[in-house]
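Participant: Structure provided below as structure tokens; questions to follow.
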Amino acid sequence: MALTERDRRIVGLAVPALGTLAVEPLYILVDTAIVGRLGTVPLGGVAVASVVIAALLPVFNFLSYGTTARVAFLTGRDDHRGAGAVAMQGLWLCALVGVPLAVAVAAAAGPLVALVGGEGGIAAAGRTYLRISCVGIPAVLVAYVAHGYLRGVSAVRTTLVVAAVANAVNVVVELIFVYGFGWGVAGSAWSTVLAQIGAAAWFLLLLARRLLAVEAGSRPVPAEIRRLLVAGRRLFFRTAALFLALALATAVAARTDAATLAGHQITFQVHMFIALVLDSLAIPGQILVGRALGARDHVEARAVSRRLLGWGVVAGLVVATALAASSPWLPGVFSEDPAVLDRARLALLVAAVVQVPAAVAFVLDGILIGASDFRFLQWSTAAGLVVFVPFAAAVLARPQLGIVGLWCGLLAWMAGRAAANWARYRGETWMLSPGE
């Protein structure tokens, strides 16, 4: 079947978004791969520091999501100067928050590393990695704003190019610093920081050119900063609920037995990788829905949303089928323990079913973020967590339910999120002048 113009717009945004989403996590993966060859202690140090970073930075993803939704809305209203001003206010927030945050985390590096279980040599390596990584925190926040603005104006290929080049530079520089100069964990951290600063500088040049072209002001606008902070508060609770559900699942697996924990970890990492694929359809939702609502075209907002949902269901069914088909052999890539393999195979079959409601939930998340419906997303995600808690409690009380019971809980959690989003989407409230 031939693609419609609407389909081509979706694909033109989703494919570069998928590339960017896949490339962004490579910083830590590259650090893990390179430092891992130095021994268990350096690798453990990177692991515990990475947990802190992974828990901290998503709190500020409102600088990306909130900016995308607002910029797309104003672009749809042909207010390009206003859209540029949103990016400028995001950069002011980076300056106001980024440096103090970096200083605070660096000062608290010791207690933070200890909190996630770092001891002895691992703790020392973790403190080194985390303190150096703090230098790059303001640059990461700048990248969030740049991603948000460039996505809002549909320049998604630009974000992919910058992310890909920055990661390539990180690989080369890290090999030199770690193996050539013998700097170990410190070299790994410094290479990542330099790549992040380089990407931020590149993004700033791109933003400067665009903001000058639309004559966006450079002064702080308190109203726009407050708007971003309100979105940030709501997205923080959404993100916290997501992380809490996933952390609770891992904690329950750990309290069942070692094989269940290992099987869960395999299934969880596969699920998170697939989530990148499905989440790429949320980016067109943020952009196209925000732009349609900015233009007061509710018919187009509804039409593009329906098309995105159709793509999402198809994508969910495809990855679900592929995951189910690969479940007999895929765990063998990660482990040779028969008990772990048995549990992972069972969990992957349930995880395959999860992908269909996950695709619906992710696409609707993107649509509702595009509509700046952050208040609803905050509470719907928290409600999903409530759905999962009884399953977690049941597995703790009856360990024989095991990994299947745990992943059935995650299936119920995802289905609950999809159902709540669907109920919201079927109404009209989410389309009522979200950017006003």
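FYI, nothing fancy with the structure tokens labels: chains A, B, ... in order, residues from 1 per chain, ligands from 1 as they appear.
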Gly44 of chain A: which residues within 10 Å, counting only C-alpha atoms, same-chain residues fewer than 2 positions away excluded, as an NGL selection string?

Facilitator: :A and (32 or 35-36 or 39-42 or 46-50 or 118-119 or 121-123 or 125-126)

Participant: Give me the residues within 9 Å of Val252 of chain A as a list in words, counting only C-alpha atoms and dropping any in the same chain fewer than 2 places off.

Facilitator: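 After dropping sequence-adjacent residues, the list is Ala247, Leu248, Ala249, Thr250, Ala254, Arg255, Thr256, Leu261, Ala392, Ala393, Val395, Leu396 and Leu406 of chain A.
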
Participant: With only C-alpha atoms as the atoms that count, which of A:Val172, A:Val162, A:Ala14, A:Ala213 lies nearest to Gln196 of chain A?

Facilitator: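 Counting only C-alpha atoms, the residue closest to Gln196 of chain A is A:Val162.
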
Participant: Give the alpha helix (DSSP H) residues of segment 164-407 of chain A, as assigned by DSSP on the backbone, as a VMD selection string.

Facilitator: chain A and resid 164 to 175 184 to 213 222 to 254 258 to 279 282 to 284 290 to 294 298 to 326 338 to 370 374 to 397 402 to 407

Participant: Just the residues within 7 Å of segment 359-365 of chain A, please, counting only C-alpha atoms, with nothing from its chain fewer than 2 positions along; format it as a list in words.

Facilitator: Leu278, Asp279, Leu281, Ala282, Gly285, Leu308, Leu309, Gly312, Val313, Gly316, Gln355, Val356, Pro357, Ile367, Leu368, Ile369, Arg417, Ala418 and Asn421 of chain A

Participant: Using only C-alpha atoms, determine which residues lie at most 7 Å from segment 64-80 of chain A, disregarding the query and same-chain residues fewer than 2 positions distant; provide the list as a PyMOL selection string.

Facilitator: chain A and resi 61-62+82-84+86-87+144-145+147-149+151-153+214+228+231+286-287+290-295+369-372+435

Participant: How far is it from atom CA of Gly19 of chain A to atom CA of Leu160 of chain A, in Å with one decimal?

Facilitator: 6.3 Å

Participant: Near Arg219 of chain A, counting only C-alpha atoms, which residues have an atom at most 10 Å away, once you skip same-chain residues fewer than 3 positions from it, shown as a compact mmCIF listing (two decimals) with N, CA and C atoms, in the first residue's frame?

Facilitator:
```
# COMPACT_ATOMS: atom_id res chain seq x y z
N ALA A 85 11.94 32.05 21.34
CA ALA A 85 12.04 32.54 22.71
C ALA A 85 11.94 31.40 23.72
N MET A 88 15.26 29.96 24.07
CA MET A 88 16.11 30.87 24.84
C MET A 88 15.85 30.73 26.33
N GLN A 89 14.59 30.58 26.71
CA GLN A 89 14.27 30.42 28.13
C GLN A 89 14.77 29.09 28.66
N TRP A 92 18.31 29.63 29.44
CA TRP A 92 18.46 30.33 30.72
C TRP A 92 18.31 29.36 31.89
N ALA A 216 14.51 36.15 17.94
CA ALA A 216 14.09 35.79 19.30
C ALA A 216 14.93 36.59 20.30
N PRO A 222 10.04 35.52 32.36
CA PRO A 222 9.58 34.73 33.51
C PRO A 222 8.38 33.84 33.21
```

Participant: Pick from A:Phe177, A:Tyr129, A:Phe203, A:Trp183: nearest to Val161 of chain A, with only C-alpha atoms counted?

Facilitator: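 Residue with the minimum atom-to-atom distance to Val161 of chain A: A:Phe203.
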
Participant: For segment 318-325 of chain A, work out the shell of residues within 8 Å, counting only C-alpha atoms and skipping chain neighbours fewer than 4 positions away, then give it as a compact mmCIF listing (two decimals) with C-alpha atoms, in the first residue's frame.

Facilitator:
```
# COMPACT_ATOMS: atom_id res chain seq x y z
CA ILE A 274 12.56 -2.53 22.03
CA VAL A 314 1.45 -2.60 13.66
CA LEU A 348 10.25 -13.13 27.17
CA LEU A 349 7.00 -14.77 26.09
CA ALA A 351 7.22 -9.55 27.46
CA ALA A 352 6.24 -10.22 23.84
CA VAL A 353 2.58 -9.69 24.79
CA VAL A 354 3.58 -6.49 26.65
CA GLN A 355 4.78 -4.89 23.42
CA VAL A 356 1.30 -4.30 21.97
```

Participant: Please provide the set of residues having any atom within 10 Å of Tyr27 of chain A, restricted to only C-alpha atoms, with same-chain residues fewer than 2 positions apart removed, written as a list in words.

Facilitator: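 Residues near the query, excluding close chain neighbours: Val23, Glu24, Pro25, Leu29, Val30, Asp31, Thr32, Ala166, Asn167, Ala168, Asn170, Val171, Ser188, Ala189, Ser191, Thr192, Val193, Ala195 and Gln196 of chain A.
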